[in-house]
Structure formats: structure tokens, C-alpha cells
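Source file: final_14.txt (compact mmCIF, C-alpha atoms)
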# COMPACT_ATOMS: atom_id res chain seq x y z
CA GLU A 1 -51.07 72.38 36.98
CA ALA A 2 -48.35 73.12 34.42
CA MET A 3 -50.63 75.62 32.68
CA PHE A 4 -51.15 77.62 35.87
CA ARG A 5 -47.48 77.37 36.81
CA ASP A 6 -46.10 78.41 33.43
CA HIS A 7 -48.62 80.96 32.22
CA ILE A 8 -50.76 82.34 35.05
CA LEU A 9 -48.55 82.44 38.15
CA PRO A 10 -45.83 84.61 36.52
CA VAL A 11 -48.42 87.31 35.82
CA ALA A 12 -51.05 87.04 38.56
CA GLY A 13 -49.59 84.69 41.12
CA LYS A 14 -49.26 87.35 43.81
CA ARG A 15 -52.67 88.93 43.28
CA LEU A 16 -55.67 88.19 45.47
CA ILE A 17 -58.34 86.36 43.48
CA ARG A 18 -61.05 88.77 44.65
CA LYS A 19 -59.07 91.62 43.08
CA ILE A 20 -58.69 90.03 39.65
CA ARG A 21 -60.12 92.35 36.97
CA ARG A 22 -60.64 92.17 33.22
CA ALA A 23 -57.27 93.84 32.63
CA ASP A 24 -55.54 91.08 34.59
CA VAL A 25 -57.09 88.39 32.41
CA VAL A 26 -56.04 90.29 29.29
CA GLU A 27 -52.50 90.59 30.64
CA ILE A 28 -52.31 86.84 31.24
CA VAL A 29 -53.53 86.04 27.73
CA GLU A 30 -51.18 88.56 26.13
CA PHE A 31 -48.30 87.10 28.15
CA VAL A 32 -48.97 83.67 26.64
CA LYS A 33 -49.35 85.12 23.13
CA SER A 34 -46.03 86.94 23.52
CA LYS A 35 -44.37 83.52 23.70
CA GLY A 36 -45.79 82.67 20.28
CA MET A 37 -48.50 80.41 21.75
CA LYS A 38 -51.72 81.88 20.37
CA ILE A 39 -53.74 78.66 20.56
CA GLN A 40 -52.40 77.85 24.03
CA ALA A 41 -53.55 81.35 25.04
CA ASN A 42 -57.12 80.23 24.29
CA ARG A 43 -56.67 77.23 26.60
CA VAL A 44 -55.23 79.38 29.38
CA PHE A 45 -58.09 81.88 29.02
CA SER A 46 -60.71 79.10 29.24
CA GLU A 47 -59.11 77.47 32.27
CA PHE A 48 -58.60 80.75 34.11
CA MET A 49 -62.18 81.85 33.46
CA ALA A 50 -63.42 78.45 34.64
CA MET A 51 -61.49 78.94 37.87
CA LEU A 52 -63.03 82.40 38.33
CA ARG A 53 -66.55 81.04 37.72
CA TRP A 54 -65.87 78.30 40.27
CA ALA A 55 -64.77 80.93 42.78
CA GLU A 56 -67.87 83.01 42.08
CA GLN A 57 -70.18 80.04 42.66
CA ARG A 58 -68.62 79.60 46.10
CA ASP A 59 -68.87 83.32 46.96
CA TYR A 60 -65.10 83.79 47.02
CA ILE A 61 -65.52 86.63 44.52
CA ASP A 62 -68.45 88.88 43.65
CA GLY A 63 -68.36 88.52 39.88
CA VAL A 64 -66.46 87.38 36.81
CA PRO A 65 -65.08 89.71 34.10
CA SER A 66 -67.09 89.54 30.88
CA PHE A 67 -65.59 89.10 27.42
CA ASN A 68 -67.02 89.08 23.91
CA LYS A 69 -65.18 87.13 21.17
CA PHE A 70 -61.88 87.46 22.98
CA LYS A 71 -60.29 84.21 21.86
CA THR A 72 -58.05 83.85 18.84
CA LYS A 73 -59.96 82.14 16.03
CA GLU A 74 -58.76 78.56 15.63
CA GLN A 75 -58.69 76.35 12.57
CA PRO A 76 -59.54 72.73 13.47
CA ARG A 77 -56.44 70.57 13.28
CA ARG A 78 -56.49 67.80 10.70
CA ARG A 79 -53.06 66.33 11.36
CA THR A 80 -52.82 62.55 11.46
CA LEU A 81 -49.67 60.48 11.64
CA THR A 82 -48.65 58.15 8.86
CA GLY A 83 -47.72 54.54 9.51
CA GLU A 84 -44.09 55.45 8.94
CA GLU A 85 -44.30 58.28 11.48
CA LEU A 86 -45.95 55.98 14.02
CA GLY A 87 -43.06 53.59 13.56
CA VAL A 88 -40.52 56.34 14.17
CA LEU A 89 -42.32 57.64 17.27
CA TRP A 90 -42.78 54.14 18.67
CA GLU A 91 -39.06 53.52 18.38
CA VAL A 92 -38.18 56.92 19.85
CA SER A 93 -40.58 56.30 22.76
CA LYS A 94 -38.17 53.60 23.94
CA ASP A 95 -35.48 56.24 24.38
CA ILE A 96 -37.31 58.89 26.44
CA GLY A 97 -37.62 56.97 29.72
CA LYS A 98 -39.82 54.03 30.66
CA LEU A 99 -42.60 56.13 32.18
CA SER A 100 -42.80 58.63 29.32
CA GLY A 101 -42.50 55.86 26.76
CA ASP A 102 -45.37 53.86 28.24
CA PHE A 103 -47.48 57.03 28.32
CA ILE A 104 -46.88 57.64 24.61
CA ARG A 105 -47.53 54.02 23.64
CA LEU A 106 -50.79 53.92 25.63
CA LEU A 107 -51.93 57.14 23.92
CA ILE A 108 -51.22 55.70 20.48
CA LEU A 109 -52.85 52.34 21.18
CA SER A 110 -55.95 53.48 23.07
CA GLY A 111 -57.00 56.67 21.26
CA GLN A 112 -58.04 58.16 24.60
CA ARG A 113 -57.50 61.70 25.86
CA ARG A 114 -54.13 62.69 27.28
CA ASP A 115 -55.27 63.30 30.85
CA ASP A 116 -57.46 60.20 30.94
CA VAL A 117 -54.38 58.11 30.16
CA ARG A 118 -52.13 60.14 32.43
CA LEU A 119 -54.50 59.70 35.39
CA MET A 120 -55.32 56.03 34.79
CA ARG A 121 -55.55 54.11 38.08
CA TRP A 122 -55.12 50.42 38.83
CA ASP A 123 -58.54 50.22 40.47
CA GLU A 124 -60.04 51.25 37.08
CA ILE A 125 -58.33 48.33 35.32
CA ASP A 126 -59.78 44.82 35.20
CA MET A 127 -56.88 42.67 34.11
CA LYS A 128 -59.11 39.59 33.74
CA SER A 129 -61.76 41.11 31.49
CA CYS A 130 -59.21 43.41 29.82
CA THR A 131 -61.23 46.58 30.38
CA TRP A 132 -60.51 50.04 31.71
CA THR A 133 -63.48 51.84 33.28
CA ILE A 134 -63.04 55.60 33.55
CA PRO A 135 -65.48 56.89 36.19
CA ALA A 136 -68.00 59.56 35.28
CA ASP A 137 -66.64 62.04 37.82
CA ARG A 138 -63.39 62.39 35.93
CA TYR A 139 -64.58 61.92 32.37
CA LYS A 140 -65.33 64.80 30.00
CA THR A 141 -68.89 63.69 29.17
CA ARG A 142 -69.69 63.04 32.86
CA MET A 143 -70.62 59.51 31.85
CA THR A 144 -68.70 56.34 32.72
CA HIS A 145 -66.53 55.30 29.78
CA VAL A 146 -65.37 51.70 29.30
CA VAL A 147 -62.26 51.16 27.17
CA PRO A 148 -61.58 47.60 25.95
CA LEU A 149 -57.89 46.83 26.30
CA SER A 150 -56.25 45.30 23.26
CA THR A 151 -53.42 42.79 23.45
CA PRO A 152 -50.71 45.46 22.88
CA ILE A 153 -52.20 47.64 25.63
CA MET A 154 -52.31 44.68 28.00
CA LYS A 155 -48.67 44.00 27.24
CA VAL A 156 -47.78 47.51 28.43
CA LEU A 157 -49.92 47.12 31.55
CA HIS A 158 -48.57 43.67 32.44
CA ALA A 159 -45.05 45.08 32.30
CA ARG A 160 -46.03 47.76 34.83
CA ASN A 161 -48.23 45.58 37.02
CA LYS A 162 -46.69 44.33 40.25
CA GLU A 163 -48.32 42.25 42.96
CA GLY A 164 -50.35 44.47 45.27
CA VAL A 165 -49.82 47.59 43.20
CA THR A 166 -52.33 50.41 43.73
CA GLY A 167 -52.67 54.06 42.79
CA PHE A 168 -51.79 55.47 39.38
CA VAL A 169 -50.72 53.20 36.57
CA LEU A 170 -48.26 55.78 35.27
CA ALA A 171 -46.48 56.61 38.49
CA GLY A 172 -42.85 56.84 39.49
CA GLY A 173 -41.64 56.08 42.99
CA ASP A 174 -44.83 57.31 44.67
CA GLN A 175 -47.88 55.44 43.35
CA GLU A 176 -50.18 58.21 44.56
CA LYS A 177 -48.50 60.83 42.39
CA PRO A 178 -49.63 60.78 38.74
CA PHE A 179 -47.37 61.23 35.75
CA ASN A 180 -46.82 64.94 35.08
CA GLY A 181 -44.35 64.77 32.22
CA ALA A 182 -46.69 64.90 29.21
CA SER A 183 -45.32 68.17 27.81
CA ARG A 184 -41.74 67.10 28.41
CA ALA A 185 -42.39 63.74 26.73
CA LEU A 186 -43.80 65.54 23.67
CA ARG A 187 -40.78 67.85 23.46
CA ARG A 188 -38.41 64.89 23.61
CA LEU A 189 -40.41 63.01 20.99
CA ARG A 190 -40.24 65.96 18.64
CA ALA A 191 -36.53 66.50 19.22
CA LYS A 192 -35.52 62.88 18.77
CA SER A 193 -37.87 61.90 15.95
CA ASN A 194 -36.87 64.65 13.50
CA ILE A 195 -40.36 64.50 11.98
CA SER A 196 -40.61 67.66 9.89
CA GLU A 197 -44.35 68.33 10.25
CA ASN A 198 -45.35 69.40 13.74
CA PHE A 199 -47.53 67.05 15.80
CA THR A 200 -49.30 67.15 19.17
CA LEU A 201 -50.36 64.50 21.65
CA HIS A 202 -53.98 65.00 20.58
CA ASP A 203 -52.98 64.06 17.05
CA PHE A 204 -52.50 60.49 18.30
CA ARG A 205 -56.19 60.43 19.16
CA ARG A 206 -57.19 61.76 15.73
CA THR A 207 -54.85 59.24 14.11
CA CYS A 208 -56.54 56.38 15.97
CA ARG A 209 -60.02 57.58 15.02
CA SER A 210 -59.07 58.00 11.38
CA GLY A 211 -57.32 54.64 11.44
CA LEU A 212 -60.44 52.91 12.70
CA SER A 213 -62.35 54.20 9.68
CA ARG A 214 -59.60 53.07 7.37
CA LEU A 215 -59.71 49.60 8.94
CA GLY A 216 -63.43 49.30 8.24
CA VAL A 217 -64.86 50.11 11.67
CA ASP A 218 -68.32 51.70 11.43
CA ASP A 219 -68.67 55.33 12.52
CA VAL A 220 -70.89 54.68 15.55
CA THR A 221 -68.46 52.15 17.01
CA ALA A 222 -65.42 54.28 16.21
CA GLU A 223 -66.96 57.31 17.92
CA LEU A 224 -67.81 55.26 21.00
CA VAL A 225 -64.24 53.92 21.11
CA ILE A 226 -62.89 57.43 21.63
CA GLY A 227 -65.65 58.38 24.05
CA HIS A 228 -67.86 60.56 21.88
CA ILE A 229 -71.52 60.18 22.77
CA GLN A 230 -74.25 59.80 20.16
CA GLN A 231 -76.34 62.84 19.33
CA GLY A 232 -80.03 63.54 18.81
CA MET A 233 -82.55 60.71 18.90
CA GLN A 234 -79.80 58.08 18.68
CA LYS A 235 -78.58 59.27 22.07
CA VAL A 236 -82.06 58.75 23.50
CA TYR A 237 -83.09 55.47 21.93
CA ASP A 238 -79.91 53.56 21.07
CA GLN A 239 -78.58 52.33 24.42
CA TYR A 240 -76.53 49.43 23.04
CA ASP A 241 -72.96 49.91 24.28
CA ARG A 242 -71.28 48.01 21.39
CA ILE A 243 -68.64 46.69 23.78
CA ASP A 244 -67.92 43.64 21.61
CA GLU A 245 -67.59 45.80 18.51
CA ARG A 246 -65.38 48.28 20.36
CA THR A 247 -63.20 45.43 21.62
CA GLU A 248 -62.70 44.17 18.07
CA ALA A 249 -62.07 47.71 16.82
CA LEU A 250 -59.28 48.43 19.29
CA GLN A 251 -57.79 44.99 18.76
CA ARG A 252 -57.75 45.70 15.03
CA TRP A 253 -56.13 49.08 15.63
CA GLY A 254 -53.56 47.52 17.97
CA SER A 255 -52.70 44.90 15.38
CA TYR A 256 -52.24 47.61 12.77
CA VAL A 257 -49.97 49.67 15.03
CA ILE A 258 -47.82 46.66 15.89
CA SER A 259 -47.50 45.80 12.21
CA VAL A 260 -46.40 49.30 11.13
CA VAL A 261 -43.92 49.76 14.01
CA GLY A 262 -42.18 46.58 12.97
CA GLU A 263 -42.77 44.56 16.11
CA SER A 264 -44.29 41.12 16.40
CA ASP A 265 -46.31 39.34 19.04
CA ASP A 266 -47.48 35.76 18.81
CA ASN A 267 -50.68 36.75 20.58
CA ILE A 268 -51.62 39.39 18.03
CA VAL A 269 -53.36 38.26 14.88
CA PRO A 270 -53.46 40.96 12.16
CA MET A 271 -57.02 41.67 11.02
CA SER A 272 -57.83 42.49 7.43
CA ARG A 273 -60.10 45.35 6.47
CA GLY A 274 -63.45 43.58 6.22
CA SER A 275 -62.84 40.99 8.92

Any chance you could give the structure as C-alpha cells?
Amino acid sequence: EAMFRDHILPVAGKRLIRKIRRADVVEIVEFVKSKGMKIQANRVFSEFMAMLRWAEQRDYIDGVPSFNKFKTKEQPRRRTLTGEELGVLWEVSKDIGKLSGDFIRLLILSGQRRDDVRLMRWDEIDMKSCTWTIPADRYKTRMTHVVPLSTPIMKVLHARNKEGVTGFVLAGGDQEKPFNGASRALRRLRAKSNISENFTLHDFRRTCRSGLSRLGVDDVTAELVIGHIQQGMQKVYDQYDRIDERTEALQRWGSYVISVVGESDDNIVPMSRGS
């Protein structure tokens, strides 16, 4: 929503979709690049083209403009946050508003994608079994993804859980309106943390995945924790979901995070690398 509002509507908001041409797409992308956001321009291009293909499939338009190697070449990000940086961001998250702070802490602790956390619903959460089941129809792989909820995650959820609550977990006054302040939360984190090296919300996910390896979690389990599916013959023949291993992995990660941010919880037992 923010992407369309900030980058597409200012350029093409008043144009009929059936009259969108290649030049219009180029103008939108160049508009984003002019703001110094070359990588974001790639995202805008992909989303806008996806919308046009959707419209074509439903006969709203006759065709979609074609492009060849139009995107800016990207270098894969390798940024991960240090334990010290996690501690700083955790502390700062307490000073950017309860809703934004909980969003940031859930991102750090779960290793899940930004929008999956942002759109988390109470009917996906089983507070008794401590699991979060993201349905296939809203998950990137189009497969149901079960996330074991560690003790620190459950602490965040219990603080937000009220009797009879429904709708989105990260909601303000209206439970049926999801949290839409991800970009604003990131800007406030950057401004208040004074961390010199730039970071993104997706870097939390990479930090979690790298941290799992550092804590001795095997690669298959770690990949399943963050929702990556196995490839090749493993995908066909290995149907074991490793839910127990994933539960231990995220508990281990949660214990590590709590230890480096300087907080304590009697219910959290730090796990050593080989345990």
C-alpha cells in the first residue's frame, strides 16, 4: 500500500490502467530512482508489473509492456547485526511506541518476514501449544508454515493478548486494521539508535538465520525455521517437519537475544552451543 501511495500514484495515479504504456512504467521507475532509491525502484517495478499481469489475466487490459534487463543490478546484502547492535535496537524499540516496538521485537525473535509478522492474526496463534500457523494463501511459498513460539515471543504475545481478542495481533484501536507503520518504525530505529552502518528490517531475518548457525543449529532445521523449503530430491522424499528441532532452535535463539540485550527472565534457560 505504501509503495503504491509513495511511488506509483504521484506519477500514474490519474491514468487509466488500460492506457498504461511502457513509457509510463519507465517514468515510474525513474521517479523512484530520482529519490536515490535504486533498489527500491526494482521493488516498485516488480510490484507494478505484477499488478499489470493480474489485470491482463482478468481482461482489464489487452497486454503488458515488455522489458529486457530493465532492473538495476543488485548485490546481495550480507548485513547482520552484532549482539551489541541488537542490544541497542532492543532498548530503542521501547521508545518508539508500544505497537512499533512489539513489531520490531517480534521480527528479531522470530526471524520471519516483515509482512508475515505485520499481518499476524490471533486465529493463527495457538497460545497453548505455543505455535503460529501462517496459512498457505498468505505465505510466500504457498505452503502452510508453522512457527514455534519461543518464551520471549510468548511474553510479547501475552502482553498483547486480551480476553476475547480477535483480528490482527499488531493492531491499534481497530483490531481489523493491521499495523502499517513498518517503514516509520525503521526510520525511528535508525534515528534513535545512532548505529553507523545502515540496516534494514530484512537484516533482522538474516541475523536470526546466521545466529542459528552460530548456535549450532543444523542447516536443514535453520532453513525450515525461516520458511525456506528444501530443494531437489530432499523436497520430494524428506517430509519430516522437524517441529521439535525448530522449537529448540528458536528457543535457543530467543535465549541468546535476551542475554545480549541485557534482560532476564526466570523462564528462559540459556542454551550452550552444542546443547

> Ser213 (chain A): which residues within 12 Å, counting all atoms listed in the file, same-chain residues fewer than 2 positions away excluded, as a PyMOL selection string?
Replying inline: chain A and resi 206-211+215-223+225+249-250+252-253+273-274

> Which residues, written as a PyMOL selection string, have at least one atom at most 9 Å from Arg114 (chain A), with all atoms listed in the file counted and residues fewer than 4 positions away on the same chain left out?
Replying inline: chain A and resi 103+107+118-119+182+201-202+205

> Near Cys130 (chain A), within 10 Å and counting all atoms listed in the file, which residues show up once chain neighbours fewer than 6 positions away are dropped, as a ChimeraX atom specification?
Replying inline: /A:147-151,153-154,247

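Interatomic distance, CA of Asp203 (chain A) against CA of Gly83 (chain A): 13.2 Å.
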
> Which of these, A:Arg188, A:Arg105, A:Lys162, A:Lys98, has the shortest distance to Val261 (chain A) once you count all atoms listed in the file?
Replying inline: A:Arg105

>> With only C-alpha atoms as the counted atoms, please give the residues lying no more than 10 Å from Asp241 (chain A), apart from itself and same-chain residues fewer than 2 positions off, as a ChimeraX atom specification.
In response: /A:146,221,224,238-239,243-246

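Coordinates place CA of Ala41 (chain A) at a distance of 25.0 Å from CA of Asp62 (chain A).
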
>> Using only C-alpha atoms - which residues lie no farther than 9 Å from the point (-63.2, 88.3, 38.5) in the file's frame? Write them as a ChimeraX atom specification.
In response: /A:17-22,25,49,52-53,55-56,61-66

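Near His158 (chain A), within 12 Å and counting only C-alpha atoms, sit Asp102, Trp122, Ile125, Asp126, Met127, Lys128, Cys130, Leu149, Thr151, Pro152, Val165 and Val169 of chain A; same-chain residues fewer than 6 positions away were not included.
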
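Our summary of the geometry notes that CA of Ile8 (chain A) is positioned 22.8 Å from CA of Lys177 (chain A).
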
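Compared by their closest atoms to His228 (chain A), and using only C-alpha atoms, the residues A:Gly111, A:Pro178, A:Gly262, A:Gly164 rank with A:Gly111 nearest.
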